[in-house]
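Have a look at the structure below, then the notes.
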Amino acid sequence: MQIQGYFDLRFEAAKEAFAALFDDPQERGAALCVQVGGETVLDLWAGISDKDGQQAWDSDTILNLFSCTKTFTAVTLLQLVGEGKVDLDAPVARYWPEFAAAGKARITVRQLLCHRAGLPAIRAALPAEALYDWSTMVEALANEEPWWTPGEAHGYAPITYGWLVGEILRRVDGCGPGESIVARVVKPLGLDFHVGLADSEFHRVAHIARAKGNLGDAAAQRLLKCMMTDPTSLSTRAFTNPPSIMTSTNKPEWRRMQQPAANGHGNARSLAGFYAGLLDGQLLDSELLGELTREHSRGEDLTLLTQTRFGLGCMLEQENVPNASYGLGRYAFGHPGAGGSTGFADPERDLAFGFVTNTLGPYVLMDPRAQKLAAVVKACLE
């Protein structure tokens with residue numbers, strides 16, 4: 001496999017580890033970008049980006065980064081907190097009055113951000129087309145009763161997070177949530193990242209497909225078993241209601257919508273650039289960065305059925321939990337996306353990491369491909 005891009009000679013082993021990913025004949029395309037101290041030391045890409053294997057992955061190829069989007073969304077909201085327009089500990093209903101229905105009057109903005117609000121799923125079955133109708137989804141969530149007493153437990157909100165946090169952004173910032181994210185986070189850093197992709201950009205979007213034959217780790221198998229055997233469970237509803245959630249990735253209407261939990265489109269460079277911007281203070285002051293990265297939730301996740309640890313819209317390092325470690329420092333923070341793409345920062349090393357792939361793996365949290373690359377990067381620094 002021919003590897004394109006740039007690498008600092010100190011990180012040649014990381015380049016070789018990236019090339020080794022393609023020893024797997026199912027690996028279609030991927031990119032890796034790492035910045036240390038604001039300097040790019042790795043910016044690599046390889047493979048193919050289209051469905052039929054005819055189009056090479058290019059320097060400007062972008063793809064759906066799934067839940068990597070969530071931290072961009074949280075940072076955007078925290079900027080509004082810094083401007084005095086949102087209070088983290090105020091009721092969500094202060095900004096979205098209809099949200100107070102069904103026993104939710106006391107749920108706070110903070111609880112939404114750290115997955116403690118009890119709203120990871122919607123009980124009433126929704127039609128597939130509801131996914132693309134913002135008003136339908138926010139109305140359904142405004143009417144939803146929490147799945148547990150808010151604040152007493154946590155459960156990851158894989159897709160509802162986008163409407164819940166996005167509706168606050170929309171009401172407070174006066175524009176679509178994707179527009180807010182782009183204006184406040186993307187443009188100041190010059191990132192190639194989009195939440196609500198223009199049709200004119202579709203030609204450079206990688207087609208995403210699942211790898212076959214790998215059942216994943218114990219956490220992945222536990223979640224899959226739940227989803228296959230209990231259609232009304234919290235976990236199943238979180239990923240399959242509306243039913244189009246699992247099948248939308250390559251559709252034009254998915255790319256166009258502004259769903260700030262899961263449909264950000266970008267590349268490894270944009271992930272690394274985002275986390276570098278957090279490390280150097282361009283996006284948040286130290287106090288707000290401290291809120292973002294402070295532990296708010298830890299333990300058994302009621303949605304993912306595995307151990308998770310969250311700040312405000314980011315997943316925090318769990319050194320002793322194999323499927324939840326970034327593979328670098330104990331203070332690392334960031335967010336994996338479904339299937340393997342991952343962005344994170346390691347403050348101890350002033351390191352920002354972005355890995356993206358259009359070959360979806362089955363893992364619930366961290367993908368072993370990203371973990372292996374991070375481990376080699378770590379060794380190159382030692």
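Starting from 1 in every chain, residues are counted up; chains themselves are A, B, ... following the order of the structure tokens, and ligands are numbered from 1 as listed.
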
For Asp89 in chain A, work out the shell of residues within 10 Å, counting only C-alpha atoms and skipping chain neighbours fewer than 3 positions away, then give it as a PyMOL selection string. chain A and resi 86+92+106-111

Pull C-alpha atoms from the residues just selected and write them as a PDB file, in the first residue's frame.
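Result file is result.pdb:
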```pdb
ATOM      1  CA  VAL A  86     -25.808  29.933  29.040  1.00  0.00           C
ATOM      2  CA  VAL A  92     -32.589  23.389  30.184  1.00  0.00           C
ATOM      3  CA  ARG A 106     -35.077  20.437  36.809  1.00  0.00           C
ATOM      4  CA  ILE A 107     -32.739  18.800  34.297  1.00  0.00           C
ATOM      5  CA  THR A 108     -29.715  21.049  33.813  1.00  0.00           C
ATOM      6  CA  VAL A 109     -27.571  21.883  30.815  1.00  0.00           C
ATOM      7  CA  ARG A 110     -24.651  20.207  32.560  1.00  0.00           C
ATOM      8  CA  GLN A 111     -26.609  16.949  32.877  1.00  0.00           C
TER       9      GLN A 111
END
```

Sorted by chain and rising residue number, list the residues of range 118-220 of chain A at most 9 Å from range 75-84 of chain A (counting only C-alpha atoms), each with its closest atom pair and distance in Å to one decimal, as a Markdown table.
```
| residue | atom | partner | partner_atom | distance |
| --- | --- | --- | --- | --- |
| A:Val165 | CA | A:Leu77 | CA | 7.9 |
| A:Gly166 | CA | A:Leu77 | CA | 8.8 |
| A:Ile168 | CA | A:Leu77 | CA | 8.2 |
| A:Leu169 | CA | A:Leu77 | CA | 6.5 |
| A:Val172 | CA | A:Leu80 | CA | 8.2 |
| A:Asp173 | CA | A:Leu80 | CA | 8.0 |
| A:Ser180 | CA | A:Thr76 | CA | 7.2 |
| A:Ile181 | CA | A:Thr76 | CA | 5.8 |
| A:Arg184 | CA | A:Thr76 | CA | 6.4 |
| A:Val185 | CA | A:Thr76 | CA | 6.7 |
```

Write out, as a compact mmCIF listing (two decimals), in the first residue's frame, the residues just selected, with N, CA and C atoms.
```txt
# COMPACT_ATOMS: atom_id res chain seq x y z
N VAL A 165 -28.56 19.04 22.86
CA VAL A 165 -27.61 20.14 22.97
C VAL A 165 -27.78 21.10 21.80
N GLY A 166 -28.07 20.55 20.62
CA GLY A 166 -28.24 21.38 19.44
C GLY A 166 -29.40 22.35 19.54
N ILE A 168 -30.46 23.79 22.28
CA ILE A 168 -30.01 24.93 23.10
C ILE A 168 -29.15 25.86 22.25
N LEU A 169 -28.24 25.31 21.48
CA LEU A 169 -27.42 26.14 20.58
C LEU A 169 -28.31 26.95 19.65
N VAL A 172 -30.21 29.74 21.59
CA VAL A 172 -29.39 30.79 22.21
C VAL A 172 -28.56 31.54 21.18
N ASP A 173 -28.03 30.81 20.20
CA ASP A 173 -27.12 31.44 19.24
C ASP A 173 -27.84 31.94 18.00
N SER A 180 -23.50 27.25 13.99
CA SER A 180 -22.88 27.76 15.22
C SER A 180 -21.51 27.12 15.43
N ILE A 181 -21.43 25.80 15.25
CA ILE A 181 -20.16 25.10 15.42
C ILE A 181 -19.12 25.59 14.42
N ARG A 184 -17.96 29.23 15.29
CA ARG A 184 -17.25 29.42 16.57
C ARG A 184 -15.99 28.56 16.72
N VAL A 185 -15.99 27.41 16.08
CA VAL A 185 -14.88 26.47 16.28
C VAL A 185 -14.09 26.21 14.99
```

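One finds CA of Ala74 in chain A at 6.6 Å from CA of Leu312 in chain A.
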
CA of Ser235 in chain A sits from CA of Ala117 in chain A at a separation of 15.2 Å

For Arg309 in chain A, work out the shell of residues within 8 Å, counting only C-alpha atoms and skipping chain neighbours fewer than 2 positions away, then give it as a PyMOL selection string. chain A and resi 295-299+307+311+315-318

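Comparing A:Thr357, A:Arg94, A:Tyr363, A:Val34 by their smallest distance to Ala46 in chain A, the closest is A:Thr357 (using only C-alpha atoms).
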